[in-house]
Amino acid sequence: MAEMRAPRFEGKVALVTGGNGGIGLAAARAFAREGARVMIAARRRSQGDEAVESIRAAGGEAAFVETDVSDRDSVREMVRSCLGTFGRLDVAYNNAGITGHVTTEIADADEAMFDQVMAINVRGVWLSMKYEIPAILEAGGGAIVNCSSYAGLRGGPRSSAYYASKHAVLGMTKSVALEYAARGIRVNAVCPGLVMTDLIANNFAGAEEKLAMLTARIPMQRTGEPDEVADAVLWLASDESRLVTGIAMPIDGGTQV
């Protein structure tokens with residue numbers, strides 16, 4: 001008879017920003033299935049409460065804190081709320097992000113849109129790590145996974161703000177990984193390609209030919225699923241990757257090859 005494997009995150013606490021939908025929700029549920037108590041941080045409370053209920057209904061433990069990752073006080077309160085609710089923080093998945101206008105050349109791009117993308121995708125990750133790391137150190141070490149994108153590994157037209165922000169996430173990931181490598185915190189990034197979240201599915205509703213064209217460019221000839229990214233996040237956050245830090249892991253069906 002095969003030996004039962006202990007849950008990888010039993011006794012640990014995981015924080016997931018943008019955890020009320022898409023890849024973030026898939027990761028939050030996966031952490032809970034593996035024994036973690038999960039703090040979901042996001043802007044929309046109604047969706048956050050639904051996410052928490054779905055985890056509790058499956059036998060997991062979770063809580064929600066309304067958070068704007070671009071705001072320092074909100075991020076600081078996010079970590080305080082996690083510590084106040086669960087008493088510690090071991091793992092963080094900084095997933096919150098936006099795309100901005102993805103079809104606009106730079107000469108026609110809106111400066112307010114650029115500022116918003118940078119505030120959430122770059123400042124949000126920077127602030128999250130700034131306030132998560134002291135709590136993780138207090139717990140004796142752990143892991144952080146940041147969400148970049150395959151856009152962080154290449155260039156692309158008509159989306160300069162988004163591409164720049166995702167490159168910046170990788171730069172921060174590598175820098176902070178080196179800062180804390182000897183102090184028990186590993187920092188890595190996932191770089192998802194085209195993943196079929198509800199948001200992406202809705203965006204391509206009525207544009208099936210465009211989706212088929214994009215899918216044809218993927219060597220595996222299919223889009224990804226949120227759970228497939230979540231699996232990679234959990235591996236990077238677990239002791240299974242205990243010698244891994246500072247990497248950017250593509251999860252894109254071979255697009256970067």
# chains A, B, ... in the order shown; residues from 1 in each chain; ligands from 1
$ select_by_dssp --residues "range 50-153 of chain A" --states "strand (DSSP E or B)" --output "MDAnalysis selection string"
chainID A and resid 61:66 91:94 142:147
$ residues_around --residues "range 48-65 of chain A" --least-positions-apart "5" --cutoff "8 Å" --atoms "only C-alpha atoms" --output "short mmCIF file (atom, residue, chain, number, x, y, z; two decimals) with C-alpha atoms, in the first residue's frame"
data_model
loop_
_atom_site.label_atom_id
_atom_site.label_comp_id
_atom_site.auth_asym_id
_atom_site.auth_seq_id
_atom_site.Cartn_x
_atom_site.Cartn_y
_atom_site.Cartn_z
CA GLY A 19 -6.67 35.60 -4.66
CA ASN A 20 -10.37 36.11 -5.34
CA GLY A 21 -10.37 34.90 -8.95
CA LEU A 25 -8.02 31.72 -6.58
CA ARG A 29 -7.49 26.67 -3.14
CA ALA A 32 -5.64 25.11 1.33
CA ARG A 33 -5.82 21.56 -0.06
CA GLY A 35 -2.93 22.11 4.55
CA ALA A 36 -2.19 25.85 4.62
CA ARG A 37 -4.37 28.42 6.28
CA VAL A 38 -4.90 30.97 3.54
CA MET A 39 -5.29 34.75 3.68
CA ILE A 40 -6.84 36.07 0.47
CA ALA A 41 -6.14 39.74 -0.28
CA ALA A 42 -7.96 41.58 -3.05
CA MET A 78 -2.90 43.23 4.82
CA SER A 81 -4.50 41.23 9.33
CA THR A 85 -5.92 36.17 12.10
#
$ closest_residue --among "A:Gly184, A:Gly97, A:Pro134, A:Pro192" --to "Ala248 in chain A" --atoms "only C-alpha atoms"
A:Pro192
$ closest_residue --among "A:Val233, A:Ala161, A:Asn146, A:Thr215" --to "Ala112 in chain A" --atoms "only C-alpha atoms"
A:Ala161
$ closest_residue --among "A:Ser74, A:Ser165, A:Ser160, A:Thr173" --to "Asp110 in chain A" --atoms "only C-alpha atoms"
A:Ser160
$ closest_residue --among "A:Ala151, A:Ile144, A:Val122, A:Ala216" --to "Val176 in chain A" --atoms "only C-alpha atoms"
A:Ile144
$ closest_residue --among "A:Thr255, A:Ser238, A:Ser148, A:Thr103" --to "Val91 in chain A" --atoms "only C-alpha atoms"
A:Ser238
$ atom_distance --atom1 "CA of Thr223 in chain A" --atom2 "CA of Gly193 in chain A"
7.9 Å
$ closest_residue --among "A:Glu225, A:Asp115, A:Asp71, A:Asp90" --to "Ala139 in chain A" --atoms "only C-alpha atoms"
A:Asp90
$ select_by_dssp --residues "range 30-60 of chain A" --states "alpha helix (DSSP H)" --output "ChimeraX atom specification"
/A:30-33,45-57
$ write_last_selection --atoms "C-alpha atoms" --output "PDB file, in the first residue's frame"
ATOM      1  CA  ALA A  30      -4.393  24.590  -3.847  1.00  0.00           C
ATOM      2  CA  PHE A  31      -2.588  25.941  -0.772  1.00  0.00           C
ATOM      3  CA  ALA A  32      -5.644  25.115   1.333  1.00  0.00           C
ATOM      4  CA  ARG A  33      -5.818  21.563  -0.059  1.00  0.00           C
ATOM      5  CA  ARG A  45     -14.887  41.983  -1.040  1.00  0.00           C
ATOM      6  CA  SER A  46     -17.881  40.132  -2.487  1.00  0.00           C
ATOM      7  CA  GLN A  47     -15.655  37.939  -4.649  1.00  0.00           C
ATOM      8  CA  GLY A  48     -13.209  37.550  -1.777  1.00  0.00           C
ATOM      9  CA  ASP A  49     -15.935  36.331   0.550  1.00  0.00           C
ATOM     10  CA  GLU A  50     -17.083  33.856  -2.110  1.00  0.00           C
ATOM     11  CA  ALA A  51     -13.515  32.584  -2.484  1.00  0.00           C
ATOM     12  CA  VAL A  52     -13.215  32.067   1.268  1.00  0.00           C
ATOM     13  CA  GLU A  53     -16.519  30.204   1.398  1.00  0.00           C
ATOM     14  CA  SER A  54     -15.451  27.901  -1.450  1.00  0.00           C
ATOM     15  CA  ILE A  55     -12.295  26.985   0.466  1.00  0.00           C
ATOM     16  CA  ARG A  56     -14.178  26.420   3.719  1.00  0.00           C
ATOM     17  CA  ALA A  57     -16.778  24.308   1.924  1.00  0.00           C
TER      18      ALA A  57
END
$ residues_around --residues "Arg88 in chain A" --least-positions-apart "5" --cutoff "8 Å" --atoms "only C-alpha atoms" --output "ChimeraX atom specification"
/A:12-13,82-83,135-136,138-139
$ residues_around --residues "Tyr162 in chain A" --least-positions-apart "6" --cutoff "10 Å" --atoms "only C-alpha atoms" --output "number ranges by chain"
A: 97-102, 113-114, 117-118, 121-122, 149, 151-152, 156, 168
$ residues_around --residues "Asp231 in chain A" --least-positions-apart "5" --cutoff "10 Å" --atoms "only C-alpha atoms" --output "PDB file with C-alpha atoms, in the first residue's frame"
ATOM      1  CA  ALA A  26      -6.664  28.483  -8.041  1.00  0.00           C
ATOM      2  CA  ALA A  27      -3.487  28.970  -5.986  1.00  0.00           C
ATOM      3  CA  ALA A  30      -4.393  24.590  -3.847  1.00  0.00           C
ATOM      4  CA  PHE A  31      -2.588  25.941  -0.772  1.00  0.00           C
ATOM      5  CA  PRO A 226      -5.252  28.227 -13.755  1.00  0.00           C
ATOM      6  CA  LEU A 236       8.218  26.953  -5.827  1.00  0.00           C
ATOM      7  CA  ALA A 237       6.726  27.728  -2.407  1.00  0.00           C
TER       8      ALA A 237
END
